[in-house]
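Next up, start-v4.pdb (PDB, C-alpha atoms):
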```
MODEL        1
ATOM      1  CA  MET A 148     376.603  49.647  87.792
ATOM      2  CA  ILE A 149     377.566  52.555  85.544
ATOM      3  CA  GLU A 150     377.523  50.530  82.309
ATOM      4  CA  HIS A 151     373.962  49.419  82.954
ATOM      5  CA  LEU A 152     372.820  52.902  83.739
ATOM      6  CA  GLU A 153     373.910  53.975  80.285
ATOM      7  CA  ASP A 154     371.444  51.569  78.713
ATOM      8  CA  ILE A 155     368.524  52.899  80.730
ATOM      9  CA  ASN A 156     366.630  54.738  78.023
ATOM     10  CA  LYS A 157     365.644  58.292  78.907
ATOM     11  CA  ALA A 158     362.681  58.040  76.541
ATOM     12  CA  PHE A 159     361.107  55.493  78.859
ATOM     13  CA  GLU A 160     361.518  57.438  82.061
ATOM     14  CA  SER A 161     357.972  58.726  81.771
ATOM     15  CA  LYS A 162     355.401  56.294  83.087
ATOM     16  CA  VAL A 163     353.050  57.050  80.195
ATOM     17  CA  ARG A 164     355.671  56.348  77.507
ATOM     18  CA  LEU A 165     356.706  53.170  79.304
ATOM     19  CA  GLY A 166     353.031  52.148  79.405
ATOM     20  CA  VAL A 167     352.481  52.888  75.705
ATOM     21  CA  MET A 168     355.476  50.738  74.747
ATOM     22  CA  SER A 169     354.452  47.902  77.100
ATOM     23  CA  VAL A 170     350.970  47.782  75.586
ATOM     24  CA  LEU A 171     352.369  47.845  72.052
ATOM     25  CA  MET A 172     354.791  45.007  72.800
ATOM     26  CA  VAL A 173     351.900  42.613  73.391
ATOM     27  CA  ASN A 174     349.375  44.113  70.947
ATOM     28  CA  ASP A 175     350.182  44.581  67.273
ATOM     29  CA  GLU A 176     348.165  47.760  67.218
ATOM     30  CA  ILE A 177     345.851  49.736  69.450
ATOM     31  CA  ASP A 178     343.667  52.775  68.891
ATOM     32  CA  PHE A 179     343.998  56.069  70.694
ATOM     33  CA  ASN A 180     340.900  55.740  72.884
ATOM     34  CA  SER A 181     341.645  52.209  74.103
ATOM     35  CA  LEU A 182     345.173  53.273  74.950
ATOM     36  CA  LYS A 183     343.911  56.347  76.760
ATOM     37  CA  GLU A 184     341.558  54.240  78.837
ATOM     38  CA  LEU A 185     344.185  51.588  79.628
ATOM     39  CA  LEU A 186     346.701  54.139  80.823
ATOM     40  CA  GLY A 187     344.156  56.388  82.504
ATOM     41  CA  VAL A 188     345.505  59.622  81.044
ATOM     42  CA  THR A 189     343.963  62.644  79.329
ATOM     43  CA  ASP A 190     343.820  63.206  75.551
ATOM     44  CA  GLY A 191     346.435  65.934  75.584
ATOM     45  CA  ASN A 192     348.802  64.023  77.834
ATOM     46  CA  LEU A 193     348.690  60.887  75.722
ATOM     47  CA  ALA A 194     349.002  62.874  72.477
ATOM     48  CA  SER A 195     352.176  64.613  73.602
ATOM     49  CA  HIS A 196     353.786  61.359  74.746
ATOM     50  CA  THR A 197     352.862  59.463  71.589
ATOM     51  CA  ARG A 198     354.211  62.363  69.514
ATOM     52  CA  ALA A 199     357.512  62.094  71.368
ATOM     53  CA  LEU A 200     357.670  58.354  70.701
ATOM     54  CA  GLU A 201     356.711  58.939  67.078
ATOM     55  CA  ASN A 202     359.525  61.456  66.685
ATOM     56  CA  LEU A 203     361.960  58.879  68.033
ATOM     57  CA  GLU A 204     360.505  56.423  65.474
ATOM     58  CA  TYR A 205     359.649  54.010  68.269
ATOM     59  CA  ILE A 206     356.008  53.833  67.240
ATOM     60  CA  ALA A 207     354.182  54.196  63.942
ATOM     61  CA  VAL A 208     351.006  56.255  63.806
ATOM     62  CA  ARG A 209     348.214  55.577  61.355
ATOM     63  CA  LYS A 210     345.334  57.987  60.901
ATOM     64  CA  GLN A 211     342.210  56.997  59.075
ATOM     65  CA  PHE A 212     338.536  57.808  58.928
ATOM     66  CA  VAL A 213     335.875  55.417  60.129
ATOM     67  CA  GLY A 214     332.758  56.968  58.686
ATOM     68  CA  ARG A 215     333.286  60.602  59.568
ATOM     69  CA  LYS A 216     335.249  59.995  62.729
ATOM     70  CA  PRO A 217     339.032  60.167  62.644
ATOM     71  CA  ARG A 218     340.678  57.144  64.187
ATOM     72  CA  THR A 219     344.297  57.015  65.236
ATOM     73  CA  THR A 220     346.042  53.692  65.750
ATOM     74  CA  PHE A 221     349.537  53.007  66.980
ATOM     75  CA  ALA A 222     351.941  50.162  66.327
ATOM     76  CA  ARG A 223     355.482  49.470  67.511
ATOM     77  CA  THR A 224     358.337  49.829  65.052
ATOM     78  CA  GLU A 225     361.371  47.567  64.902
ATOM     79  CA  LYS A 226     363.474  50.365  66.312
ATOM     80  CA  GLY A 227     361.018  50.825  69.187
ATOM     81  CA  GLU A 228     360.955  47.127  69.943
ATOM     82  CA  LYS A 229     364.739  46.967  70.042
ATOM     83  CA  ALA A 230     364.976  50.049  72.266
ATOM     84  CA  PHE A 231     362.356  48.678  74.649
ATOM     85  CA  ARG A 232     364.077  45.306  74.925
ATOM     86  CA  GLU A 233     367.395  46.977  75.672
ATOM     87  CA  HIS A 234     365.682  49.110  78.293
ATOM     88  CA  LEU A 235     364.192  45.990  79.887
ATOM     89  CA  HIS A 236     367.563  44.262  79.916
ATOM     90  CA  ALA A 237     369.130  47.302  81.539
ATOM     91  CA  LEU A 238     366.416  47.365  84.206
ATOM     92  CA  GLU A 239     366.908  43.663  84.780
ATOM     93  CA  SER A 240     370.659  43.767  85.225
ATOM     94  CA  PHE A 241     370.332  46.878  87.356
ATOM     95  CA  LEU A 242     367.950  45.046  89.677
ATOM     96  CA  ASN A 243     370.170  41.966  89.741
ATOM     97  CA  LYS A 244     373.092  44.111  90.875
ATOM     98  CA  VAL A 245     371.020  45.697  93.609
ATOM     99  CA  GLU A 246     369.859  42.336  94.925
ATOM    100  CA  ARG A 247     373.393  41.057  95.257
TER     101      ARG A 247
ATOM    102  CA  MET B 147     368.062  55.746  88.870
ATOM    103  CA  LYS B 148     367.207  54.375  92.279
ATOM    104  CA  ASP B 149     366.346  50.721  92.733
ATOM    105  CA  ASN B 150     362.732  51.375  93.750
ATOM    106  CA  GLU B 151     362.245  53.331  90.518
ATOM    107  CA  ALA B 152     363.422  50.313  88.549
ATOM    108  CA  VAL B 153     361.082  48.042  90.513
ATOM    109  CA  GLU B 154     358.206  50.450  89.845
ATOM    110  CA  ALA B 155     359.023  50.507  86.137
ATOM    111  CA  VAL B 156     359.075  46.728  85.875
ATOM    112  CA  LYS B 157     355.795  46.512  87.777
ATOM    113  CA  GLU B 158     354.194  49.067  85.469
ATOM    114  CA  ILE B 159     355.350  47.152  82.385
ATOM    115  CA  ARG B 160     353.926  43.914  83.725
ATOM    116  CA  VAL B 161     350.575  45.475  84.660
ATOM    117  CA  MET B 162     350.155  47.211  81.302
ATOM    118  CA  MET B 163     351.078  44.108  79.313
ATOM    119  CA  GLU B 164     348.642  41.977  81.261
ATOM    120  CA  LYS B 165     345.823  44.517  81.306
ATOM    121  CA  SER B 166     346.047  45.134  77.566
ATOM    122  CA  SER B 167     346.272  41.519  76.485
ATOM    123  CA  ARG B 168     343.965  39.655  78.835
ATOM    124  CA  PHE B 169     340.311  39.911  79.719
ATOM    125  CA  LEU B 170     340.374  40.245  83.499
ATOM    126  CA  SER B 171     336.779  41.206  84.291
ATOM    127  CA  PHE B 172     335.835  37.710  85.346
ATOM    128  CA  SER B 173     334.188  37.014  88.661
ATOM    129  CA  GLY B 174     334.298  33.765  90.628
ATOM    130  CA  THR B 175     330.795  34.368  91.952
ATOM    131  CA  SER B 176     329.362  33.979  88.463
ATOM    132  CA  ALA B 177     331.066  30.576  88.068
ATOM    133  CA  ILE B 178     329.525  29.386  91.355
ATOM    134  CA  LEU B 179     326.064  30.585  90.282
ATOM    135  CA  ILE B 180     326.393  28.909  86.875
ATOM    136  CA  GLY B 181     327.290  25.663  88.644
ATOM    137  CA  VAL B 182     324.180  25.974  90.811
ATOM    138  CA  TYR B 183     321.944  26.610  87.761
ATOM    139  CA  ALA B 184     323.443  23.556  86.045
ATOM    140  CA  LEU B 185     322.805  21.340  89.077
ATOM    141  CA  ALA B 186     319.234  22.611  89.356
ATOM    142  CA  GLY B 187     318.715  22.028  85.635
ATOM    143  CA  ALA B 188     320.176  18.524  85.847
ATOM    144  CA  PHE B 189     317.894  17.748  88.784
ATOM    145  CA  ILE B 190     314.808  18.873  86.831
ATOM    146  CA  VAL B 191     315.901  16.858  83.777
ATOM    147  CA  HIS B 192     316.438  13.845  86.042
ATOM    148  CA  ARG B 193     312.865  14.205  87.298
ATOM    149  CA  ILE B 194     311.547  14.528  83.728
ATOM    150  CA  ILE B 195     313.382  11.349  82.682
ATOM    151  CA  LEU B 196     312.029   9.453  85.690
ATOM    152  CA  SER B 197     308.491  10.538  84.853
ATOM    153  CA  VAL B 198     308.750   8.952  81.400
ATOM    154  CA  GLU B 199     309.569   5.479  82.608
ATOM    155  CA  ASP B 200     306.283   5.400  84.472
ATOM    156  CA  ILE B 201     304.325   5.095  81.212
ATOM    157  CA  PRO B 202     304.185   1.438  80.115
ATOM    158  CA  GLY B 203     303.465   0.120  76.639
ATOM    159  CA  TYR B 204     304.536   3.199  74.734
ATOM    160  CA  SER B 205     305.117   2.486  71.038
ATOM    161  CA  VAL B 206     307.518   5.330  70.156
ATOM    162  CA  PRO B 207     310.791   5.613  72.116
ATOM    163  CA  GLY B 208     309.983   7.225  75.441
ATOM    164  CA  TRP B 209     312.545  10.005  75.222
ATOM    165  CA  ILE B 210     310.972  11.657  72.159
ATOM    166  CA  GLY B 211     308.088  13.060  74.178
ATOM    167  CA  ILE B 212     310.351  14.701  76.752
ATOM    168  CA  VAL B 213     312.825  16.267  74.299
ATOM    169  CA  PRO B 214     311.055  19.658  74.175
ATOM    170  CA  ASP B 215     311.016  19.840  77.985
ATOM    171  CA  ILE B 216     314.710  18.960  78.288
ATOM    172  CA  VAL B 217     315.670  21.427  75.542
ATOM    173  CA  LEU B 218     313.658  24.117  77.303
ATOM    174  CA  VAL B 219     315.428  23.452  80.627
ATOM    175  CA  ALA B 220     318.814  23.486  78.861
ATOM    176  CA  LEU B 221     317.997  26.780  77.148
ATOM    177  CA  ILE B 222     316.879  28.381  80.403
ATOM    178  CA  VAL B 223     320.104  27.264  82.134
ATOM    179  CA  PHE B 224     322.170  28.592  79.210
ATOM    180  CA  VAL B 225     320.440  31.985  79.050
ATOM    181  CA  LEU B 226     320.570  32.405  82.839
ATOM    182  CA  SER B 227     324.293  31.560  82.818
ATOM    183  CA  LEU B 228     324.977  34.024  80.021
ATOM    184  CA  VAL B 229     323.075  36.837  81.745
ATOM    185  CA  THR B 230     324.857  36.062  85.035
ATOM    186  CA  ILE B 231     328.357  36.097  83.586
ATOM    187  CA  LEU B 232     327.714  39.290  81.607
ATOM    188  CA  PHE B 233     326.230  41.013  84.655
ATOM    189  CA  PHE B 234     329.095  40.055  86.998
ATOM    190  CA  SER B 235     331.786  40.812  84.407
ATOM    191  CA  ALA B 236     330.333  44.247  83.714
ATOM    192  CA  ARG B 237     330.141  44.912  87.460
ATOM    193  CA  LYS B 238     333.741  43.851  88.023
ATOM    194  CA  ALA B 239     334.917  45.933  85.062
ATOM    195  CA  ARG B 240     333.210  48.949  86.597
ATOM    196  CA  LYS B 241     334.889  48.242  89.959
ATOM    197  CA  MET B 242     338.312  47.926  88.355
ATOM    198  CA  ASN B 243     337.689  51.111  86.371
ATOM    199  CA  SER B 244     338.320  49.319  83.133
ATOM    200  CA  SER B 245     336.135  49.058  80.122
ATOM    201  CA  PHE B 246     333.959  45.960  79.753
ATOM    202  CA  VAL B 247     333.738  46.320  75.990
ATOM    203  CA  SER B 248     337.297  46.305  74.685
ATOM    204  CA  GLY B 249     339.369  44.666  71.999
ATOM    205  CA  VAL B 250     340.497  42.015  74.470
ATOM    206  CA  ALA B 251     336.954  41.274  75.617
ATOM    207  CA  TYR B 252     335.881  40.940  72.006
ATOM    208  CA  ARG B 253     338.724  38.510  71.247
ATOM    209  CA  THR B 254     337.985  36.470  74.386
ATOM    210  CA  PHE B 255     334.300  36.131  73.587
ATOM    211  CA  LEU B 256     334.942  35.322  69.927
ATOM    212  CA  ASN B 257     337.421  32.598  70.834
ATOM    213  CA  PHE B 258     335.041  31.207  73.428
ATOM    214  CA  PHE B 259     331.811  31.303  71.455
ATOM    215  CA  LEU B 260     333.105  30.073  68.107
ATOM    216  CA  PRO B 261     333.786  26.491  69.273
ATOM    217  CA  LEU B 262     330.843  26.648  71.674
ATOM    218  CA  ALA B 263     328.321  27.656  69.000
ATOM    219  CA  THR B 264     329.722  24.955  66.712
ATOM    220  CA  GLY B 265     329.130  22.432  69.488
ATOM    221  CA  GLY B 266     325.619  23.779  70.057
ATOM    222  CA  VAL B 267     324.612  23.405  66.415
ATOM    223  CA  PHE B 268     326.269  19.977  66.327
ATOM    224  CA  CYS B 269     324.162  18.906  69.330
ATOM    225  CA  LEU B 270     321.076  20.101  67.480
ATOM    226  CA  ALA B 271     322.069  17.888  64.531
ATOM    227  CA  LEU B 272     322.553  14.930  66.885
ATOM    228  CA  LEU B 273     319.126  15.562  68.370
ATOM    229  CA  VAL B 274     317.479  15.755  64.935
ATOM    230  CA  ARG B 275     319.168  12.500  63.881
ATOM    231  CA  GLY B 276     318.064  10.752  67.042
ATOM    232  CA  GLU B 277     321.516  10.393  68.596
ATOM    233  CA  ALA B 278     320.430  11.907  71.897
ATOM    234  CA  GLY B 279     322.591   9.542  73.942
ATOM    235  CA  ILE B 280     325.831  11.120  72.767
ATOM    236  CA  ILE B 281     324.768  14.752  73.367
ATOM    237  CA  ALA B 282     326.023  15.006  76.962
ATOM    238  CA  PRO B 283     329.646  14.029  76.139
ATOM    239  CA  VAL B 284     329.594  16.275  73.041
ATOM    240  CA  MET B 285     328.475  19.223  75.187
ATOM    241  CA  LEU B 286     331.267  18.549  77.697
ATOM    242  CA  LEU B 287     333.891  18.172  74.962
ATOM    243  CA  PHE B 288     332.981  21.309  73.031
ATOM    244  CA  TYR B 289     332.651  23.323  76.229
ATOM    245  CA  GLY B 290     336.084  22.113  77.375
ATOM    246  CA  LEU B 291     337.625  23.085  74.043
ATOM    247  CA  SER B 292     335.929  26.509  74.183
ATOM    248  CA  LEU B 293     337.384  27.135  77.646
ATOM    249  CA  ILE B 294     340.867  26.056  76.590
ATOM    250  CA  ASN B 295     340.645  28.280  73.512
ATOM    251  CA  ALA B 296     339.499  31.300  75.543
ATOM    252  CA  SER B 297     342.088  30.748  78.294
ATOM    253  CA  LYS B 298     344.780  32.347  76.113
ATOM    254  CA  TYR B 299     342.979  35.669  76.403
ATOM    255  CA  THR B 300     341.878  35.598  80.019
ATOM    256  CA  TYR B 301     342.940  33.926  83.275
ATOM    257  CA  GLY B 302     345.239  31.004  82.491
ATOM    258  CA  SER B 303     343.635  28.798  85.148
ATOM    259  CA  ILE B 304     340.535  28.472  82.944
ATOM    260  CA  PHE B 305     342.696  26.106  80.870
ATOM    261  CA  TRP B 306     342.512  23.556  83.693
ATOM    262  CA  LEU B 307     338.730  23.926  84.023
ATOM    263  CA  GLY B 308     338.590  23.128  80.296
ATOM    264  CA  CYS B 309     340.805  20.056  80.754
ATOM    265  CA  GLY B 310     338.463  18.800  83.481
ATOM    266  CA  GLN B 311     335.485  19.110  81.113
ATOM    267  CA  LEU B 312     337.397  17.281  78.360
ATOM    268  CA  LEU B 313     338.291  14.409  80.681
ATOM    269  CA  LEU B 314     334.674  14.039  81.821
ATOM    270  CA  GLY B 315     333.455  14.289  78.211
ATOM    271  CA  LEU B 316     335.770  11.494  77.080
ATOM    272  CA  ILE B 317     334.820   9.221  79.974
ATOM    273  CA  CYS B 318     331.169   9.959  79.279
ATOM    274  CA  ALA B 319     331.595   9.105  75.595
ATOM    275  CA  PHE B 320     332.669   5.566  76.452
ATOM    276  CA  PHE B 321     330.060   4.805  79.085
ATOM    277  CA  PRO B 322     326.436   5.081  77.989
ATOM    278  CA  GLY B 323     324.023   6.019  80.731
ATOM    279  CA  THR B 324     326.503   8.227  82.582
ATOM    280  CA  GLY B 325     325.511  11.311  80.565
ATOM    281  CA  LEU B 326     323.414  13.202  83.070
ATOM    282  CA  LEU B 327     325.677  12.324  86.014
ATOM    283  CA  LEU B 328     328.915  13.413  84.336
ATOM    284  CA  TRP B 329     327.190  16.454  82.805
ATOM    285  CA  SER B 330     326.164  17.500  86.338
ATOM    286  CA  ILE B 331     329.712  17.008  87.597
ATOM    287  CA  GLY B 332     331.189  18.991  84.702
ATOM    288  CA  PHE B 333     328.758  21.876  84.416
ATOM    289  CA  GLY B 334     327.712  21.878  88.059
ATOM    290  CA  VAL B 335     330.375  20.667  90.474
ATOM    291  CA  LEU B 336     333.454  21.757  88.481
ATOM    292  CA  HIS B 337     332.064  25.281  88.049
ATOM    293  CA  ILE B 338     331.358  25.591  91.749
ATOM    294  CA  ILE B 339     334.829  24.301  92.703
ATOM    295  CA  TYR B 340     336.483  26.602  90.157
ATOM    296  CA  GLY B 341     334.402  29.572  91.315
ATOM    297  CA  ILE B 342     335.391  28.995  94.950
ATOM    298  CA  TYR B 343     339.053  28.551  93.990
ATOM    299  CA  PHE B 344     338.906  31.705  91.893
ATOM    300  CA  TYR B 345     337.204  33.707  94.606
ATOM    301  CA  PHE B 346     339.748  32.826  97.285
ATOM    302  CA  ARG B 347     342.974  32.496  95.316
ATOM    303  CA  VAL B 348     342.614  35.157  92.643
ATOM    304  CA  GLU B 349     340.047  37.765  93.680
ATOM    305  CA  ARG B 350     340.911  37.936  97.380
ATOM    306  CA  GLU B 351     344.639  38.099  96.697
ATOM    307  CA  SER B 352     344.408  40.765  94.028
ATOM    308  CA  ALA B 353     342.151  42.822  96.297
ATOM    309  CA  ALA B 354     344.615  42.591  99.188
TER     310      ALA B 354
ENDMDL
END
```
As structure tokens, the full file:
Amino acid sequence: MIEHLEDINKAFESKVRLGVMSVLMVNDEIDFNSLKELLGVTDGNLASHTRALENLEYIAVRKQFVGRKPRTTFARTEKGEKAFREHLHALESFLNKVER
Amino acid sequence: MKDNEAVEAVKEIRVMMEKSSRFLSFSGTSAILIGVYALAGAFIVHRIILSVEDIPGYSVPGWIGIVPDIVLVALIVFVLSLVTILFFSARKARKMNSSFVSGVAYRTFLNFFLPLATGGVFCLALLVRGEAGIIAPVMLLFYGLSLINASKYTYGSIFWLGCGQLLLGLICAFFPGTGLLLWSIGFGVLHIIYGIYFYFRVERESAA
């Protein structure tokens, strides 16, 4: 069981970060407000988690202006996708071990 | 990590992926109501058609005089259905605490209405060119294709409702005179059956 535990990514221990990555795996990009609504979190909470993921280079952040309003959109990076898949595999094999 | 944490994580991933990629504010009740409107509309159209055959010695084809009435009934059924589905979807979205107007909703409606509107305009062309007999199968076919197209962005079971409409549309295309009957089965009976299925198998289970 130890070897699988090593693959469990600490970055995804937070439910919000796990949620952000899950959404970005099935959507090429999503804007800040839609993400906030989907996850049911506050502005500040989401911002700090997305910043953490951005620092890890798991997600790419794009800021632009629509009219006068700033609009932030997120997309997964290759590194983020790889890390998330590995995390999923680790979860899977961990659960398989438990079942047996 | 404990095993229940892992189970929770997997559950969260699944929920977020589904919620962000599919339009889930659909209500079975609206499908049942749409089926009822369609049956009522078909019944009225049936009565209108019967009333025509009572006039003997008519020089122009009998159906020309009743076209405006039938189109009016069809439009009323369509508008009522649209209002019903929007109302129930918005209500369900509010209940589920999710937003009714979202990227997914937009994609679902675009993928549904693009083939449907094409079919609608095509039916108009058929009507103008006097090919009224083939309108019922064309409506069933385009509606079936619209459902199948939209099913990728909402509940997958809508795919099968679309297949049912396609099958009826194809049968209808080969057998003249079955138009109104098969149209009533497709837009009326199938909607009611699907709505009941959806209400008991999907809504009840997700609520429990």
Counting only C-alpha atoms, which residues from chain A have an atom at most 7 Å from any atom of chain B, and could you show them as a PyMOL selection string?
chain A and resi 165-166+169-170+173-174+238+242+245
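When CA of Phe159 in chain A is paired with CA of Asn192 in chain A, their separation reads 15.0 Å.
From CA of Asn257 in chain B back to CA of Ser176 in chain B, the distance works out to 19.4 Å.
Applied to this file, the PyMOL selection byres ((chain A and resi 207) around 6) selects Ile206, Val208, Phe221 and Ala222 of chain A.
Between CA of Met242 in chain B and CA of Glu184 in chain A lies a distance of 11.9 Å.
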Report, as AutoDock Vina command-line options, the axis-aligned box around all atoms of range 219-227 of chain A present in the file, extended by 8 Å on each side; give centre and edge lengths in Å to one decimal place.
```
--center_x 353.9 --center_y 52.3 --center_z 67.0 --size_x 35.2 --size_y 25.4 --size_z 20.3
```
Using all atoms listed in the file, which residues sit within 12 Å of Arg223 in chain A once same-chain residues fewer than 2 positions away are excluded, as a PyMOL selection string?
chain A and resi 167-177+197+200-201+203-209+220-221+225-231
Just so the selection is clear, what residues does the PyMOL selection byres ((chain B and resi 300) around 12) cover here, as a PyMOL selection string?
chain B and resi 164-173+250-255+257-258+293-299+301-305
Residues selected by the PyMOL selection byres ((chain B and resi 288-292) around 7), written as a ChimeraX atom specification:
/B:258-259,261-262,265,284-287,293-296,308-309,311-312
With a distance cut-off of 10 Å and all atoms listed in the file, select the neighbouring residues of Leu193 in chain A, excluding the residue or stretch itself and same-chain residues fewer than 4 positions from it, and output the selection as a PyMOL selection string.
chain A and resi 163-164+167+179-180+182-183+186-189+197-199
Smallest atom-to-atom distance to Ile195 in chain B: which of B:Ile212, B:Ala282, B:Cys318, B:Val348, using all atoms listed in the file?
B:Ile212
Within 9 Å of Ile331 in chain B using only C-alpha atoms, minus same-chain residues under 6 positions, as a PDB file with C-alpha atoms, keeping the file's coordinate frame:
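Output file out.pdb is given in full below:
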```pdb
ATOM      1  CA  LEU B 185     322.805  21.340  89.077  1.00  0.00           C
ATOM      2  CA  GLN B 311     335.485  19.110  81.113  1.00  0.00           C
ATOM      3  CA  LEU B 314     334.674  14.039  81.821  1.00  0.00           C
ATOM      4  CA  HIS B 337     332.064  25.281  88.049  1.00  0.00           C
TER       5      HIS B 337
END
```
Counting only C-alpha atoms, the option among A:Asn202, A:Ser195, A:Asn243, A:Gln211 closest to Thr224 in chain A:
A:Asn202
Rank B:Ala271, B:Val217, B:Leu226, B:Val247 by their smallest atom-to-atom distance to Ile180 in chain B, using only C-alpha atoms, and report the top residue only.
B:Leu226
Which residues come within 12 Å of range 324-327 of chain B, counting all atoms listed in the file, excluding same-chain residues fewer than 6 positions away, as a ChimeraX atom specification?
/B:184-185,187-195,216,278-286,314-318,333-335
